[in-house]
Amino acid sequence: MKWRRLWRPLEWMTENYRQQEDLMDFPDTSAKTNTTTLKLSDLPPELIILIASMLSARSAACFSLCSRAMCQILGPNIWHYLNLQNPEIRASFLSDLSKDLPQYFVCYHCVRLHARSAVQWPRITPKILTRCLRKEPAFEHCSQSGLLLRFPHIQLAMNRHYLGPSYGFPLEAFESTEVIESELYRNMVLLSVDTQIVSNELLMRSQQWVLLPHNRRNELVTERLFHHLCYHIWALGSAGDNLPTLIKSRLDLLDERGQCRTSTAQCMKCPMDFVMDTIDLGERGIAGCLTRWINLGAGLHPADPKWQSHLGKSPPQGVPYQPHPLSSIRASFENQTTISFEDLSARNVYNLLSRRERKLITGRADGLIWKWVCSSPNRWCLERAVTTS
C-alpha cells in the first residue's frame, strides 16, 4: 500500500498528538476503559493510524472527517495523498461527501462540489449557465426547442430520486410545452416534454407537432421541418431510415386509410423508441407528429453509455452497443405515467390550436397562461397562472 510510505510522518504526528491530548480534551488512552462500551475515539492513535493505512485514499479521507479528533490524529497527509489520485477517485470521494450536503452536487468537469442553485431548471428561459455548465455537451431533443439537457440536469433529478426530496430538483423541472410561429417557414410548431423515473433511470417523452395548410403538405417531406429525430437516424441513417422517407410513408398511409396510426420504431444505436404520425385537422390544416421515448440513463456518471449515445458518442472500442427490445422504453414510460399517449396527443392538439396573442400574458379558461418569451420567431411557453392571496 502506498499509504505505508506515510507511516513515519504519521508516527511523528502521533507524538505531537499526545502532547496536545489534554489541551484538545481527547480521551486518555493510558486510562482503563470499559471494553464493553469501547468507542472508536478510545483507540490509541497508533491503532487509528494503522486502520487508516489499510483504507483506500477515498475511504481514508472520509475516515478523517469522522471527527475533529480523527482529523487531528491523521493530519494533512491524507489530503495530500488524495490530491495525487486520478480525478475519478477524487470525484468518488466528493460523491460520498455530497450525500450529507443536500445543497451541493459533484461537478465531474472540474471535480469540485457546486451549489445546486448554480444549475437552473432545464425548462427555464432565458438560461444563465455557469462556466462548467457551458462546457458540458448538451442533448438537443429538438433544434427549435429552448430546452437543452446537460448531464448535471440528469444528475440532479436522479439525486432527488436516490437520496430524498431535499436533494436535486423535481421532475417538474423538465416539463414544458412551447409553441413557435415561424415567419421563415410560415408554420406553427408545438413541442412538449415530460419525464418519469423507471427502474432507476430517467425516461423522457417528447412530442413535436408541425402544422401546415393542406396545399403545403409536401413541405413536411421536402423542407426538413422535423429537424431532429436522433443523432443516428438523421445523420447516419440509410435512405430507408431517414426522416423524409418516414414522413412520406405516413402521408401515404393517411391518404389510403384516412388516418395514420403507425407502430413503434426504434433507433438501433441509442435507447429511443419513436412513432411518426400525420393527422388531418380539417380546415386548420395537416399536422405531422413525432413522439419519442428516450432513456437518458441513471445519472450516476457522465460516461454512462446511454447518456453518451444521445450525444453521438460511440461505445468504447471493443464494446458493441446492445439495442434495447423494441418498444420497451415506450412501454416502461406509458405503464407509469398518469397521462397516456392518446391523452397527451389530444391535449397537444388543443394547445396547438388555442388562442395566443403577441403580448406578455395570454390567459386561458383552464387556469393556464401562454407566456410570450420571444418575438423572432414568436415563441410562447405554457405555464400555470401565479395566484396571489
# chains A, B, ... in the order shown; residues from 1 in each chain; ligands from 1

$ closest_atom_pairs --of "stretch 153-199 of chain A" --to "stretch 304-313 of chain A" --cutoff "12 Å" --atoms "only C-alpha atoms" --output "Markdown table"
| residue | atom | partner | partner_atom | distance |
| --- | --- | --- | --- | --- |
| A:His153 | CA | A:Trp307 | CA | 11.8 |
| A:Ile154 | CA | A:Trp307 | CA | 9.3 |
| A:Gln155 | CA | A:Trp307 | CA | 11.0 |

$ residues_around --residues "stretch 97-109 of chain A" --least-positions-apart "4" --cutoff "9 Å" --atoms "only C-alpha atoms" --output "PyMOL selection string"
chain A and resi 62+87-88+91-93+113-117+132-133+135-136+152+155-156+159+163+166-168+301-302

$ select_by_dssp --residues "stretch 81-182 of chain A" --states "strand (DSSP E or B)" --output "VMD selection string"
chain A and resid 104 to 107 112 to 115 139 to 140 148 to 149 176 to 182

$ closest_residue --among "A:Ala157, A:Leu211, A:Leu38, A:Leu129" --to "A:Val189" --atoms "only C-alpha atoms"
A:Leu211

$ atom_distance --atom1 "atom CA of A:Gly146" --atom2 "atom CA of A:Gln207"
14.0 Å

$ select_by_dssp --residues "stretch 233-386 of chain A" --states "alpha helix (DSSP H)" --output "NGL selection string"
:A and (233-236 or 243-257 or 305-310 or 328-334 or 341-353)

$ closest_residue --among "A:Asn187, A:Thr362, A:Ser332, A:Val373" --to "A:Ala385" --atoms "only C-alpha atoms"
A:Thr362

$ residues_around --residues "A:Leu368" --least-positions-apart "3" --cutoff "9 Å" --atoms "only C-alpha atoms" --output "PyMOL selection string"
chain A and resi 362-365+382-385

$ write_last_selection --atoms "N, CA, C and O atoms" --output "tab-separated table (two decimals), in the first residue's frame"
chain	number	residue	atom	x	y	z
A	362	THR	N	-51.17	35.70	-22.11
A	362	THR	CA	-52.48	35.41	-22.68
A	362	THR	C	-53.16	34.38	-21.78
A	362	THR	O	-52.66	33.25	-21.64
A	363	GLY	N	-54.27	34.77	-21.14
A	363	GLY	CA	-54.97	33.87	-20.24
A	363	GLY	C	-55.77	32.81	-20.95
A	363	GLY	O	-56.13	32.96	-22.12
A	364	ARG	N	-56.05	31.72	-20.23
A	364	ARG	CA	-56.88	30.65	-20.77
A	364	ARG	C	-57.94	30.29	-19.74
A	364	ARG	O	-57.78	30.50	-18.54
A	365	ALA	N	-59.01	29.66	-20.21
A	365	ALA	CA	-60.13	29.31	-19.33
A	365	ALA	C	-59.75	28.22	-18.33
A	365	ALA	O	-60.38	28.11	-17.28
A	382	LEU	N	-46.20	27.53	-22.14
A	382	LEU	CA	-47.41	27.32	-21.36
A	382	LEU	C	-47.03	27.15	-19.90
A	382	LEU	O	-46.19	26.30	-19.56
A	383	GLU	N	-47.62	27.97	-19.03
A	383	GLU	CA	-47.30	27.95	-17.61
A	383	GLU	C	-48.57	28.03	-16.77
A	383	GLU	O	-49.63	28.42	-17.28
A	384	ARG	N	-48.41	27.67	-15.50
A	384	ARG	CA	-49.53	27.84	-14.57
A	384	ARG	C	-49.62	29.29	-14.16
A	384	ARG	O	-48.60	29.96	-13.95
A	385	ALA	N	-50.83	29.77	-14.02
A	385	ALA	CA	-51.02	31.16	-13.57
A	385	ALA	C	-50.62	31.27	-12.10
A	385	ALA	O	-50.92	30.39	-11.29

$ closest_residue --among "A:Phe151, A:Ser328, A:Glu342, A:Arg123" --to "A:Ala138" --atoms "only C-alpha atoms"
A:Phe151

$ closest_residue --among "A:Leu326, A:Asp343, A:Ser176, A:Tyr350" --to "A:Leu281" --atoms "only C-alpha atoms"
A:Tyr350

$ closest_atom_pairs --of "stretch 254-328 of chain A" --to "stretch 214-224 of chain A" --cutoff "8 Å" --atoms "only C-alpha atoms" --output "tab-separated table"
residue	atom	partner	partner_atom	distance
A:Gly285	CA	A:His214	CA	5.1
A:Ile286	CA	A:His214	CA	5.7
A:Gly288	CA	A:Leu220	CA	7.2

$ residues_around --residues "A:Ile197" --least-positions-apart "6" --cutoff "9 Å" --atoms "only C-alpha atoms" --output "compact mmCIF listing (two decimals) with C-alpha atoms, in the first residue's frame"
# COMPACT_ATOMS: atom_id res chain seq x y z
CA MET A 158 -31.72 11.39 -10.09
CA HIS A 161 -34.75 10.03 -6.55
CA LEU A 171 -39.22 16.07 -12.48
CA LEU A 203 -37.09 8.41 -19.20
CA MET A 204 -38.24 11.37 -21.28
CA PHE A 333 -42.91 5.05 -19.61
CA GLN A 336 -46.16 4.52 -15.13

$ closest_residue --among "A:Met276, A:Cys374, A:Ile48, A:Ala173" --to "A:Lys248" --atoms "only C-alpha atoms"
A:Met276

$ residues_around --residues "A:Leu65" --least-positions-apart "3" --cutoff "12 Å" --atoms "only C-alpha atoms" --output "tab-separated table (two decimals) with C-alpha atoms, in the first residue's frame"
chain	number	residue	atom	x	y	z
A	52	ALA	CA	-6.28	4.34	8.07
A	58	ARG	CA	-11.22	7.76	-0.73
A	59	SER	CA	-12.19	5.86	2.45
A	60	ALA	CA	-9.30	7.26	4.48
A	61	ALA	CA	-10.37	10.81	3.65
A	62	CYS	CA	-13.92	10.02	4.82
A	68	ARG	CA	-12.01	16.65	14.88
A	69	ALA	CA	-10.04	14.09	16.86
A	70	MET	CA	-9.66	11.82	13.80
A	71	CYS	CA	-8.67	14.76	11.63
A	72	GLN	CA	-6.03	15.80	14.21
A	73	ILE	CA	-4.63	12.27	14.51
A	74	LEU	CA	-4.42	11.56	10.78
A	75	GLY	CA	-3.27	15.05	9.82
A	76	PRO	CA	-2.91	16.61	6.36
A	78	ILE	CA	-4.34	12.07	3.82
A	79	TRP	CA	-5.43	15.09	1.79
A	93	PHE	CA	-14.90	10.91	-2.60
A	96	ASP	CA	-19.76	10.31	-0.90
A	97	LEU	CA	-19.40	13.72	0.72
A	100	ASP	CA	-24.59	14.66	3.52
